[in-house]
Amino acid sequence: MQSPSMTPPLARRLADLVLATRTDDLPAVALEHAKMSLASTLASAAAGYRIESACIIRDLELRDSGEEMATVWFHGGRLPLANAARVNAVASDAAASDDSDMRSIAHIGTIISSVALAVAEREGSSGRAVLAAMVLGYEIAGRIDESLTPVRMQRGFHGSYSTVFGACVVAGLLLRLDAGQMAHAIGLSATSIGGMAIAADTSWAREYHAGMAASAGIRAALAAQRGFESELAVLERPRGFLDALGGQAREDIVRDWGESWDIVTDMAIKLMPGAHPFHATAEAAVDAARAGKVKPGDVARIVVSAAVQWTNFKGDPHPRNLVDAAHSLHYFVAAAIVDGGFAWQHMDENKMADPVIGALQDKVEFDPDPPPLPDRFPHRHGGTVTIHMKDGAVHRATCTMPRGSGARGIAWSDVEDKFLHLFPQAGLPAAATGSCLNAVKHLDSADSIGLLARLLSGR
């Protein structure tokens, strides 16, 4: 089904671009960032493995069972492709520790990683093919979501509306779809997904959305492989996908293909947990407190001037669970000042109840007139923290981009530290941590992902 037009539908144009790109066309840094994203996803999934939301979805899928095709990470069971990817994506997103795209905070890395390992395990794909598929899946998801930002969020739609395309392209490449099949898979993905941002900001719906995107993208690719067809112009037609979600700068979705790669320029690895828009502001709080040798009891007030103020995304002052803490800018700033940084332990409920942090949270206020944004991407511009002391001293610092972001450069040492800290929480044998990290770091030279899959299953 192709709507009559002189210009090929956008879904077909995207499919052609993806399939015309060879692995050798991709820069080494893009493949390296794919490995980093995979390592980050596995670490986050280990931290999320025992969270109740992840346990519920895993139990549901294992009870449904089906043909054993792909590994359920850390559990040892195996499920059909879409089911396994759903379980693993939910675990990664549940801990609020997976990577993000700094334009829109869509968690593309979790989706492309969980889908790539599931499909590659069944298909016997090489490690290099997996990494290339991840780069290209990230690219399509990133380009589509850049068009949707910020109107998608303003209308209440979650990042799952774009991450599903990453899942679809990764699965399609590893399933070796042709251009027509890939185009239909993209079209099916556009009409397969849902997710409300308000629910993701306040509940387990965030990780539920990740599981939806991973499974829906795989199912779209599998259906297209069997000949199922979609409306190929669903992205650009009136009342279509881009219209519904407020797509703009639509010509940029296919413009300058290959000149840069989103997984290099816009991906950020979380080096602390929680909502990525707050990470740079937390860094600014640490820098200001360190420069002034600030003692919490001497603080009169704390003024935050952050790009995120141009959204409705600041959370509540006194979180009492992981979901609340992950979305509380007050908590990020206060905890960062008290403890000299915001880190993995700050998602612990005992830490949230720290009375020193609690007292400081009540002193956080927001700039009534934050500086205007330089572009339409409010999440990529960080913030300034000004600490006013009771003796009249003022300490101020600004951080535009957090550590671990493409704009600042991502260091393997930081990714390794995250992995070594979080991965053991999955409960695999102690030796598995180093072995899995080594397998990821050398994935580009592996004939298959068989070794990594066995390690992740505990076998």
# chains A, B, ... in the order shown; residues from 1 in each chain; ligands from 1
>>> residues_around(residues="Gly195 (chain A)", least_positions_apart="4", cutoff="9 Å", atoms="only C-alpha atoms", output="ChimeraX atom specification")
/A:156-161,199-200,205-206,208-209,212
>>> write_last_selection(atoms="N, CA, C and O atoms", output="mmCIF file, in the first residue's frame")
data_model
loop_
_atom_site.group_PDB
_atom_site.id
_atom_site.type_symbol
_atom_site.label_atom_id
_atom_site.label_comp_id
_atom_site.auth_asym_id
_atom_site.auth_seq_id
_atom_site.Cartn_x
_atom_site.Cartn_y
_atom_site.Cartn_z
ATOM 1 N N GLY A 156 1.699 15.892 26.006
ATOM 2 C CA GLY A 156 1.542 14.821 26.982
ATOM 3 C C GLY A 156 1.998 13.459 26.535
ATOM 4 O O GLY A 156 1.748 12.463 27.222
ATOM 5 N N PHE A 157 2.720 13.370 25.397
ATOM 6 C CA PHE A 157 3.137 12.070 24.889
ATOM 7 C C PHE A 157 4.556 11.733 25.336
ATOM 8 O O PHE A 157 5.460 12.568 25.304
ATOM 9 N N HIS A 158 4.757 10.479 25.704
ATOM 10 C CA HIS A 158 6.032 10.004 26.233
ATOM 11 C C HIS A 158 7.020 9.663 25.114
ATOM 12 O O HIS A 158 6.635 9.504 23.950
ATOM 13 N N GLY A 159 8.304 9.520 25.481
ATOM 14 C CA GLY A 159 9.353 9.202 24.512
ATOM 15 C C GLY A 159 9.198 7.862 23.840
ATOM 16 O O GLY A 159 9.849 7.596 22.816
ATOM 17 N N SER A 160 8.338 6.974 24.378
ATOM 18 C CA SER A 160 8.099 5.687 23.729
ATOM 19 C C SER A 160 7.566 5.871 22.307
ATOM 20 O O SER A 160 7.717 4.980 21.466
ATOM 21 N N TYR A 161 6.958 7.026 22.043
ATOM 22 C CA TYR A 161 6.445 7.290 20.691
ATOM 23 C C TYR A 161 7.571 7.350 19.654
ATOM 24 O O TYR A 161 7.324 7.169 18.468
ATOM 25 N N ALA A 199 2.037 9.931 33.270
ATOM 26 C CA ALA A 199 2.108 8.655 33.986
ATOM 27 C C ALA A 199 3.559 8.222 34.171
ATOM 28 O O ALA A 199 3.933 7.673 35.211
ATOM 29 N N ALA A 200 4.392 8.477 33.163
ATOM 30 C CA ALA A 200 5.802 8.108 33.266
ATOM 31 C C ALA A 200 6.526 8.923 34.330
ATOM 32 O O ALA A 200 7.472 8.439 34.963
ATOM 33 N N ALA A 205 4.737 3.521 35.127
ATOM 34 C CA ALA A 205 4.416 3.564 33.694
ATOM 35 C C ALA A 205 5.649 3.858 32.853
ATOM 36 O O ALA A 205 5.706 3.473 31.683
ATOM 37 N N ARG A 206 6.651 4.543 33.441
ATOM 38 C CA ARG A 206 7.868 4.847 32.681
ATOM 39 C C ARG A 206 8.486 3.565 32.123
ATOM 40 O O ARG A 206 8.760 3.447 30.922
ATOM 41 N N TYR A 208 7.046 0.625 31.989
ATOM 42 C CA TYR A 208 6.037 -0.064 31.181
ATOM 43 C C TYR A 208 6.125 0.402 29.729
ATOM 44 O O TYR A 208 6.039 -0.400 28.785
ATOM 45 N N HIS A 209 6.306 1.711 29.548
ATOM 46 C CA HIS A 209 6.456 2.260 28.201
ATOM 47 C C HIS A 209 7.680 1.680 27.490
ATOM 48 O O HIS A 209 7.645 1.412 26.282
ATOM 49 N N MET A 212 6.799 -1.651 26.210
ATOM 50 C CA MET A 212 5.901 -1.533 25.065
ATOM 51 C C MET A 212 6.680 -1.215 23.795
ATOM 52 O O MET A 212 6.437 -1.804 22.735
#
>>> closest_residue(among="A:Gly66, A:Gly172, A:Pro371, A:Gly211", to="Ala85 (chain A)", atoms="only C-alpha atoms")
A:Gly211
>>> atom_distance(atom1="CA of Leu452 (chain A)", atom2="CA of Ile186 (chain A)")
28.7 Å
>>> closest_atom_pairs(of="region 93-147 of chain A", to="region 330-346 of chain A", cutoff="12 Å", atoms="only C-alpha atoms", output="CSV")
residue,atom,partner,partner_atom,distance
A:Ala95,CA,A:Trp344,CA,9.8
A:Ala96,CA,A:Trp344,CA,10.0
A:Ser97,CA,A:Trp344,CA,8.5
>>> residues_around(residues="region 62-65 of chain A", least_positions_apart="3", cutoff="7 Å", atoms="only C-alpha atoms", output="PDB file with N, CA, C and O atoms, in the first residue's frame")
ATOM      1  N   ARG A  58       8.173  -9.580  34.381  1.00  0.00           N
ATOM      2  CA  ARG A  58       8.926 -10.819  34.128  1.00  0.00           C
ATOM      3  C   ARG A  58       8.067 -12.043  34.450  1.00  0.00           C
ATOM      4  O   ARG A  58       8.016 -13.006  33.672  1.00  0.00           O
ATOM      5  N   ASP A  59       7.361 -12.007  35.574  1.00  0.00           N
ATOM      6  CA  ASP A  59       6.520 -13.139  35.953  1.00  0.00           C
ATOM      7  C   ASP A  59       5.387 -13.347  34.951  1.00  0.00           C
ATOM      8  O   ASP A  59       5.079 -14.489  34.567  1.00  0.00           O
ATOM      9  N   LEU A  79      12.557 -16.681  26.295  1.00  0.00           N
ATOM     10  CA  LEU A  79      11.230 -16.317  25.834  1.00  0.00           C
ATOM     11  C   LEU A  79      11.260 -15.990  24.345  1.00  0.00           C
ATOM     12  O   LEU A  79      12.338 -15.811  23.765  1.00  0.00           O
TER      13      LEU A  79
END
>>> closest_residue(among="A:Val308, A:Ala300, A:Val119, A:Ala359", to="Ala393 (chain A)", atoms="only C-alpha atoms")
A:Ala300
>>> select_by_dssp(residues="region 249-376 of chain A", states="strand (DSSP E or B)", output="list in words")
Met267, Ala268, Val299, Ala300, Arg301, Ile302, Val303, Val304, Ser305, Ala306, Val364, Glu365 and Phe366 of chain A
>>> write_last_selection(atoms="N, CA, C and O atoms", output="short mmCIF file (atom, residue, chain, number, x, y, z; two decimals), in the first residue's frame")
data_model
loop_
_atom_site.label_atom_id
_atom_site.label_comp_id
_atom_site.auth_asym_id
_atom_site.auth_seq_id
_atom_site.Cartn_x
_atom_site.Cartn_y
_atom_site.Cartn_z
N MET A 267 23.62 11.24 22.62
CA MET A 267 23.43 10.26 23.68
C MET A 267 24.20 10.66 24.92
O MET A 267 25.30 11.20 24.83
N ALA A 268 23.63 10.37 26.09
CA ALA A 268 24.32 10.61 27.35
C ALA A 268 24.14 9.39 28.24
O ALA A 268 23.02 8.88 28.40
N VAL A 299 23.36 27.58 55.21
CA VAL A 299 22.70 28.01 53.97
C VAL A 299 21.40 28.73 54.30
O VAL A 299 20.57 28.24 55.08
N ALA A 300 21.21 29.91 53.69
CA ALA A 300 19.97 30.66 53.86
C ALA A 300 18.94 30.26 52.80
O ALA A 300 17.78 30.00 53.11
N ARG A 301 19.37 30.19 51.53
CA ARG A 301 18.47 29.77 50.46
C ARG A 301 19.29 29.34 49.25
O ARG A 301 20.48 29.68 49.14
N ILE A 302 18.67 28.59 48.39
CA ILE A 302 19.31 28.07 47.18
C ILE A 302 18.43 28.43 46.00
O ILE A 302 17.25 28.07 45.97
N VAL A 303 19.00 29.11 45.03
CA VAL A 303 18.22 29.53 43.86
C VAL A 303 18.69 28.73 42.64
O VAL A 303 19.87 28.73 42.31
N VAL A 304 17.74 28.07 42.01
CA VAL A 304 18.02 27.27 40.82
C VAL A 304 17.48 28.01 39.61
O VAL A 304 16.32 28.45 39.59
N SER A 305 18.33 28.17 38.60
CA SER A 305 17.91 28.75 37.33
C SER A 305 18.27 27.75 36.24
O SER A 305 19.44 27.65 35.85
N ALA A 306 17.28 26.96 35.82
CA ALA A 306 17.57 25.83 34.95
C ALA A 306 16.71 25.86 33.70
O ALA A 306 15.56 26.34 33.72
N VAL A 364 15.24 25.36 48.69
CA VAL A 364 15.41 25.45 47.24
C VAL A 364 14.26 26.26 46.65
O VAL A 364 13.09 26.00 46.92
N GLU A 365 14.60 27.26 45.86
CA GLU A 365 13.60 28.04 45.14
C GLU A 365 14.08 28.22 43.71
O GLU A 365 15.22 27.94 43.37
N PHE A 366 13.18 28.69 42.87
CA PHE A 366 13.50 28.75 41.44
C PHE A 366 13.49 30.18 40.93
O PHE A 366 12.67 31.01 41.36
#
>>> residues_around(residues="region 45-50 of chain A", least_positions_apart="6", cutoff="7 Å", atoms="only C-alpha atoms", output="list in words")
Asn88, Ala91, Ser92, Ala94, Ala95, Leu422, Phe423, Gln425 and Ala426 of chain A
>>> write_last_selection(atoms="N, CA and C atoms", output="PDB file, in the first residue's frame")
ATOM      1  N   ASN A  88      13.440  -7.361  29.526  1.00  0.00           N
ATOM      2  CA  ASN A  88      14.755  -6.763  29.752  1.00  0.00           C
ATOM      3  C   ASN A  88      14.712  -5.243  29.688  1.00  0.00           C
ATOM      4  N   ALA A  91      13.268  -3.923  32.999  1.00  0.00           N
ATOM      5  CA  ALA A  91      14.257  -3.971  34.080  1.00  0.00           C
ATOM      6  C   ALA A  91      15.245  -2.812  33.976  1.00  0.00           C
ATOM      7  N   SER A  92      15.693  -2.513  32.771  1.00  0.00           N
ATOM      8  CA  SER A  92      16.654  -1.417  32.597  1.00  0.00           C
ATOM      9  C   SER A  92      16.045  -0.080  32.953  1.00  0.00           C
ATOM     10  N   ALA A  94      13.449   0.515  34.875  1.00  0.00           N
ATOM     11  CA  ALA A  94      12.864   0.586  36.218  1.00  0.00           C
ATOM     12  C   ALA A  94      13.777   1.297  37.209  1.00  0.00           C
ATOM     13  N   ALA A  95      15.078   1.169  37.039  1.00  0.00           N
ATOM     14  CA  ALA A  95      16.022   1.742  37.996  1.00  0.00           C
ATOM     15  C   ALA A  95      16.338   3.207  37.712  1.00  0.00           C
ATOM     16  N   LEU A 422      26.822  -1.247  39.631  1.00  0.00           N
ATOM     17  CA  LEU A 422      25.433  -1.682  39.535  1.00  0.00           C
ATOM     18  C   LEU A 422      25.256  -3.147  39.151  1.00  0.00           C
ATOM     19  N   PHE A 423      26.105  -3.652  38.283  1.00  0.00           N
ATOM     20  CA  PHE A 423      25.880  -4.981  37.713  1.00  0.00           C
ATOM     21  C   PHE A 423      25.806  -6.082  38.772  1.00  0.00           C
ATOM     22  N   GLN A 425      24.354  -6.172  41.436  1.00  0.00           N
ATOM     23  CA  GLN A 425      23.051  -6.211  42.091  1.00  0.00           C
ATOM     24  C   GLN A 425      22.111  -7.248  41.480  1.00  0.00           C
ATOM     25  N   ALA A 426      22.444  -7.744  40.276  1.00  0.00           N
ATOM     26  CA  ALA A 426      21.601  -8.751  39.636  1.00  0.00           C
ATOM     27  C   ALA A 426      21.720 -10.109  40.321  1.00  0.00           C
TER      28      ALA A 426
END
>>> closest_residue(among="A:Ala453, A:Gly180, A:Asp98, A:Gly392", to="Ala116 (chain A)", atoms="only C-alpha atoms")
A:Ala453
>>> select_by_dssp(residues="region 25-72 of chain A", states="alpha helix (DSSP H)", output="MDAnalysis selection string")
chainID A and resid 28:48 52:64
>>> write_last_selection(atoms="N, CA, C and O atoms", output="compact mmCIF listing (two decimals), in the first residue's frame")
# COMPACT_ATOMS: atom_id res chain seq x y z
N ALA A 28 34.25 4.71 14.02
CA ALA A 28 34.55 3.83 15.15
C ALA A 28 33.93 4.35 16.44
O ALA A 28 33.48 3.57 17.28
N VAL A 29 33.88 5.67 16.60
CA VAL A 29 33.34 6.22 17.84
C VAL A 29 31.85 5.91 17.98
O VAL A 29 31.34 5.73 19.10
N ALA A 30 31.12 5.81 16.87
CA ALA A 30 29.70 5.47 16.94
C ALA A 30 29.53 4.05 17.44
O ALA A 30 28.66 3.77 18.29
N LEU A 31 30.33 3.11 16.93
CA LEU A 31 30.26 1.73 17.39
C LEU A 31 30.68 1.63 18.86
O LEU A 31 30.12 0.85 19.63
N GLU A 32 31.66 2.45 19.24
CA GLU A 32 32.11 2.44 20.64
C GLU A 32 31.01 2.96 21.56
O GLU A 32 30.79 2.43 22.65
N HIS A 33 30.30 3.99 21.12
CA HIS A 33 29.19 4.50 21.92
C HIS A 33 28.07 3.47 22.02
O HIS A 33 27.36 3.42 23.05
N ALA A 34 27.88 2.66 20.97
CA ALA A 34 26.88 1.59 21.05
C ALA A 34 27.27 0.59 22.14
O ALA A 34 26.41 0.13 22.91
N LYS A 35 28.55 0.27 22.23
CA LYS A 35 29.01 -0.62 23.31
C LYS A 35 28.75 0.01 24.67
O LYS A 35 28.30 -0.65 25.61
N MET A 36 29.05 1.31 24.79
CA MET A 36 28.82 2.00 26.06
C MET A 36 27.34 1.99 26.43
O MET A 36 26.98 1.80 27.59
N SER A 37 26.49 2.19 25.43
CA SER A 37 25.05 2.16 25.68
C SER A 37 24.62 0.78 26.16
O SER A 37 23.81 0.65 27.09
N LEU A 38 25.17 -0.25 25.55
CA LEU A 38 24.84 -1.62 25.94
C LEU A 38 25.31 -1.89 27.37
O LEU A 38 24.56 -2.45 28.18
N ALA A 39 26.53 -1.47 27.69
CA ALA A 39 27.04 -1.66 29.05
C ALA A 39 26.18 -0.92 30.06
O ALA A 39 25.84 -1.45 31.14
N SER A 40 25.79 0.31 29.73
CA SER A 40 24.94 1.10 30.61
C SER A 40 23.59 0.43 30.81
O SER A 40 23.05 0.38 31.93
N THR A 41 23.02 -0.09 29.72
CA THR A 41 21.71 -0.74 29.81
C THR A 41 21.76 -1.97 30.69
O THR A 41 20.88 -2.20 31.52
N LEU A 42 22.80 -2.79 30.52
CA LEU A 42 22.92 -4.00 31.34
C LEU A 42 23.12 -3.64 32.81
O LEU A 42 22.54 -4.31 33.69
N ALA A 43 23.90 -2.61 33.08
CA ALA A 43 24.09 -2.18 34.46
C ALA A 43 22.78 -1.70 35.07
O ALA A 43 22.42 -2.03 36.20
N SER A 44 22.04 -0.91 34.31
CA SER A 44 20.77 -0.40 34.79
C SER A 44 19.76 -1.53 34.98
O SER A 44 18.99 -1.55 35.95
N ALA A 45 19.78 -2.50 34.06
CA ALA A 45 18.86 -3.64 34.18
C ALA A 45 19.19 -4.48 35.42
O ALA A 45 18.28 -5.01 36.08
N ALA A 46 20.48 -4.59 35.74
CA ALA A 46 20.86 -5.32 36.95
C ALA A 46 20.32 -4.62 38.18
O ALA A 46 19.81 -5.25 39.12
N ALA A 47 20.41 -3.29 38.19
CA ALA A 47 19.89 -2.52 39.33
C ALA A 47 18.37 -2.61 39.41
O ALA A 47 17.79 -2.53 40.50
N GLY A 48 17.72 -2.77 38.27
CA GLY A 48 16.26 -2.81 38.24
C GLY A 48 15.67 -4.20 38.33
O GLY A 48 14.45 -4.35 38.45
N GLU A 52 9.94 -4.09 41.98
CA GLU A 52 8.68 -4.82 41.88
C GLU A 52 8.05 -4.74 40.50
O GLU A 52 7.48 -5.72 40.01
N SER A 53 8.14 -3.58 39.87
CA SER A 53 7.54 -3.46 38.53
C SER A 53 8.19 -4.43 37.56
O SER A 53 7.50 -5.08 36.75
N ALA A 54 9.51 -4.54 37.61
CA ALA A 54 10.22 -5.47 36.73
C ALA A 54 9.86 -6.91 37.05
O ALA A 54 9.72 -7.74 36.14
N CYS A 55 9.70 -7.24 38.33
CA CYS A 55 9.33 -8.60 38.73
C CYS A 55 7.95 -8.97 38.20
O CYS A 55 7.73 -10.11 37.75
N ILE A 56 7.02 -8.03 38.25
CA ILE A 56 5.66 -8.30 37.77
C ILE A 56 5.66 -8.63 36.28
O ILE A 56 5.07 -9.64 35.84
N ILE A 57 6.31 -7.80 35.48
CA ILE A 57 6.33 -8.03 34.02
C ILE A 57 7.06 -9.32 33.70
O ILE A 57 6.62 -10.11 32.84
N ARG A 58 8.17 -9.58 34.38
CA ARG A 58 8.93 -10.82 34.13
C ARG A 58 8.07 -12.04 34.45
O ARG A 58 8.02 -13.01 33.67
N ASP A 59 7.36 -12.01 35.57
CA ASP A 59 6.52 -13.14 35.95
C ASP A 59 5.39 -13.35 34.95
O ASP A 59 5.08 -14.49 34.57
N LEU A 60 4.77 -12.25 34.51
CA LEU A 60 3.70 -12.37 33.52
C LEU A 60 4.19 -13.01 32.24
O LEU A 60 3.53 -13.91 31.67
N GLU A 61 5.32 -12.56 31.74
CA GLU A 61 5.82 -13.09 30.47
C GLU A 61 6.28 -14.54 30.61
O GLU A 61 6.06 -15.36 29.70
N LEU A 62 6.91 -14.88 31.73
CA LEU A 62 7.36 -16.25 31.92
C LEU A 62 6.17 -17.20 32.06
O LEU A 62 6.23 -18.35 31.63
N ARG A 63 5.08 -16.72 32.66
CA ARG A 63 3.89 -17.55 32.78
C ARG A 63 3.25 -17.79 31.41
O ARG A 63 2.72 -18.87 31.14
N ASP A 64 3.29 -16.76 30.55
CA ASP A 64 2.76 -16.94 29.19
C ASP A 64 3.66 -17.86 28.37
O ASP A 64 3.21 -18.61 27.52
